[in-house]
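Enquirer: Sharing a structure, written as structure tokens. Questions coming.
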Amino acid sequence: NGFQHFRKNHGALVTLAPPPKNHPATHLPVSKSHRKPKIAGGNIFGMQAYKHPAYARYFAPWVSVASVWSILVYLGMLSIPFFLAYATYGFWKKDGYYFEQPIVVYTHKLAVLLQSSAGILAFSTIPEFNQMSGFSKVRIPQVQSYMSDPNLDGRNDFFNLTLTFPLNVAEKVYGVSALVFFDVELKDRVKLDMTSLTYTSKSSNLAGAKLSAFGNLEFSQLYPLSLRGSRTNYNSKLLDGSNILSNQNIQFDDILASYFSRNETLQVDNSIEYWTPGTEDRFVLDIRYRIPQSQIWYIPGPGEVLKFSWMQYVAVGVLVWFILDWLLYVSHKYAFVSARRVVDYQPKVHKF
């Protein structure tokens, strides 16, 4: 049949296919002395123009040790990377983080309480709050506020608020508490719209003429947010005149308790307060906030979960493939399993 069969490599049965008719080896002249002619370089073919390894294939019956061994190795190439990637944790991405500068807008609503020698002095931009506090205790300040966007990206970067309260001659301020209300929006990946507030408080044993407060307004959350839909759970007003029915409704502790029970809040981070001692006919509250990028915690979608899982599977799979493929090569080359070996003279021809 044109094939030569012989035992090689520790008893493995090797089948060599004959060279094609037009193979250069079939047209080589044979020396009459049966000795290899010597030419420059020591090679009868001259210059080596190209080389490729012989392509070996191993055949075995379906019901045999070699077939079962090969099937198990191939199944291991597919399954082992999954179990290794899963066992090292982080295979299924459950949450993620990204940075976004929240859109913060001052709503021109505030409430201030001054602890003075004459008792509690109050002011709010909500008329019902002033009425419930008692007009004799209300001190209407001069209000100056503005928000700035130096980089012109459509998102405010700085907030400045200055309140100048007039005082009577006998009134001295020993402490101040202020609530400032904002609207907050996220729109990059998480869609969120909510009302928010900041709380500033300072007290001293020395009467003061001014309180300067500085800090960063940062978005804070207790649980990750979904990327689906728009979240408007906290879009209601935190302090509304229609809900002020008693003195209890204007207490800061109740307002703050309701606010901090939320999952998402706007908090003042890296805050610095400076109390200026003095007794003057006025008290100044100066608040300056920066609005940097905040870290947003979110729940990834199915596409992102599959993408990161596939990346880990492939990364582990490449290493596992090389190891198992080497084991399969050694087991067949050194005849640890019985199989028929066929060596091709020519490599597989690719058709383009």
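In the structure tokens, chains take the letters A, B, ... in the order shown, each chain's residues start at 1, and ligands count up from 1 in the order shown.
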Among segment 285-351 of chain A, which residues does DSSP mark as helix (DSSP H, G or I) when it is run on the backbone? Keep the chain and numbering as in the structure and answer as a PyMOL selection string.
Expert: chain A and resi 302-333
Enquirer: Could you pull the residues within 6 Å of segment 174-182 of chain A, counting only C-alpha atoms, minus those fewer than 5 positions along the same chain, as an MDAnalysis selection string?
Expert: chainID A and resid 105:107 109:116 195:204 207
Enquirer: Which residues come within 8 Å of Leu211 of chain A, counting only C-alpha atoms, excluding same-chain residues fewer than 5 positions away, as a tab-separated table (two decimals) with C-alpha atoms, in the first residue's frame?
Expert:
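Result file follows (part-v7.tsv):
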```tsv
chain	number	residue	atom	x	y	z
A	202	LYS	CA	-19.58	75.60	66.04
A	273	GLU	CA	-13.98	75.82	61.12
A	274	TYR	CA	-12.36	78.92	62.48
A	275	TRP	CA	-14.01	80.89	65.29
A	276	THR	CA	-13.10	84.56	65.50
A	284	VAL	CA	-20.78	86.98	60.30
A	285	LEU	CA	-21.19	83.41	59.08
A	286	ASP	CA	-18.93	82.67	56.12
```
Enquirer: Give me, please, the distance in Å between atom CA of Glu218 of chain A and atom CA of Gln293 of chain A, quoted to one decimal.
Expert: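 Atom CA of Glu218 of chain A sits 7.4 Å away from atom CA of Gln293 of chain A.
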Enquirer: Nearest to Ile272 of chain A: which of A:Arg228, A:Val320, A:Ser236, A:Asn216 is it, counting only C-alpha atoms?
Expert: A:Asn216
Enquirer: Which residues, written as an MDAnalysis selection string, have at least one atom at most 10 Å from Asp281 of chain A, with only C-alpha atoms counted and residues fewer than 2 positions away on the same chain left out?
Expert: chainID A and resid 165:172 209 278:279 283
Enquirer: For a quick check of understanding, using only C-alpha atoms, which of A:Ser338, A:Ser242, A:Met194, A:Trp321 has the smallest distance to Leu78 of chain A?
Expert: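 Checking each candidate against Leu78 of chain A, we get A:Trp321 as the closest.
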Enquirer: To test your reading of the structure, identify every residue in segment 60-107 of chain A that backbone DSSP assigns to strand (DSSP E or B), and report it as a list in words.
Expert: Gly96, Tyr97, Tyr98, Phe99, Glu100, Ile103, Val104, Val105, Tyr106 and Thr107 of chain A
Enquirer: Which residue, A:Leu319, A:Ile120, A:Ile296, A:Val63, has the smallest gap to Lys191 of chain A when you use only C-alpha atoms?
Expert: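 Distance minimum relative to Lys191 of chain A lands on A:Ile296.
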Enquirer: Can you work out which one of A:Ser261, A:Gln295, A:Ser133, A:Asn160 has the shortest atom-to-atom distance to Tyr146 of chain A, counting only C-alpha atoms?
Expert: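 Closest to Tyr146 of chain A of all the choices is A:Asn160.
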Enquirer: May I ask which of the residues A:Val184, A:Thr125, A:Gly96, A:Asp240 is the closest one to Phe308 of chain A, counting only C-alpha atoms?
Expert: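 Ranked by minimum distance to Phe308 of chain A, first place goes to A:Gly96.
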Enquirer: Which is closer to Ile103 of chain A than all the others in A:Asn156, A:Thr162, A:Ser258, A:Asn233, using only C-alpha atoms?
Expert: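 That would be A:Asn156, the residue with the smallest distance to Ile103 of chain A.
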Enquirer: Show me, as a tab-separated table, the residues of segment 49-149 of chain A having an atom within 9 Å of segment 244-253 of chain A, each with the closest atom pair and its distance in Å, using only C-alpha atoms.
Expert:
```
residue	atom	partner	partner_atom	distance
A:Glu128	CA	A:Ile244	CA	6.6
A:Phe129	CA	A:Ile250	CA	6.5
A:Met132	CA	A:Asn247	CA	6.2
A:Ser133	CA	A:Asn247	CA	7.3
```
Enquirer: Would you put the residues from that selection into a file with N, CA and C atoms, as an mmCIF file, in the first residue's frame?
Expert:
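Result written to selection-v4.cif:
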```
data_model
loop_
_atom_site.group_PDB
_atom_site.id
_atom_site.type_symbol
_atom_site.label_atom_id
_atom_site.label_comp_id
_atom_site.auth_asym_id
_atom_site.auth_seq_id
_atom_site.Cartn_x
_atom_site.Cartn_y
_atom_site.Cartn_z
ATOM 1 N N GLU A 128 -42.613 80.299 57.517
ATOM 2 C CA GLU A 128 -43.231 79.520 58.592
ATOM 3 C C GLU A 128 -42.225 79.191 59.687
ATOM 4 N N PHE A 129 -40.972 79.007 59.308
ATOM 5 C CA PHE A 129 -39.925 78.740 60.288
ATOM 6 C C PHE A 129 -39.726 79.948 61.190
ATOM 7 N N MET A 132 -42.738 80.361 63.551
ATOM 8 C CA MET A 132 -42.747 79.408 64.662
ATOM 9 C C MET A 132 -41.642 79.734 65.667
ATOM 10 N N SER A 133 -40.573 80.353 65.254
ATOM 11 C CA SER A 133 -39.483 80.717 66.165
ATOM 12 C C SER A 133 -39.841 81.917 67.026
#
```
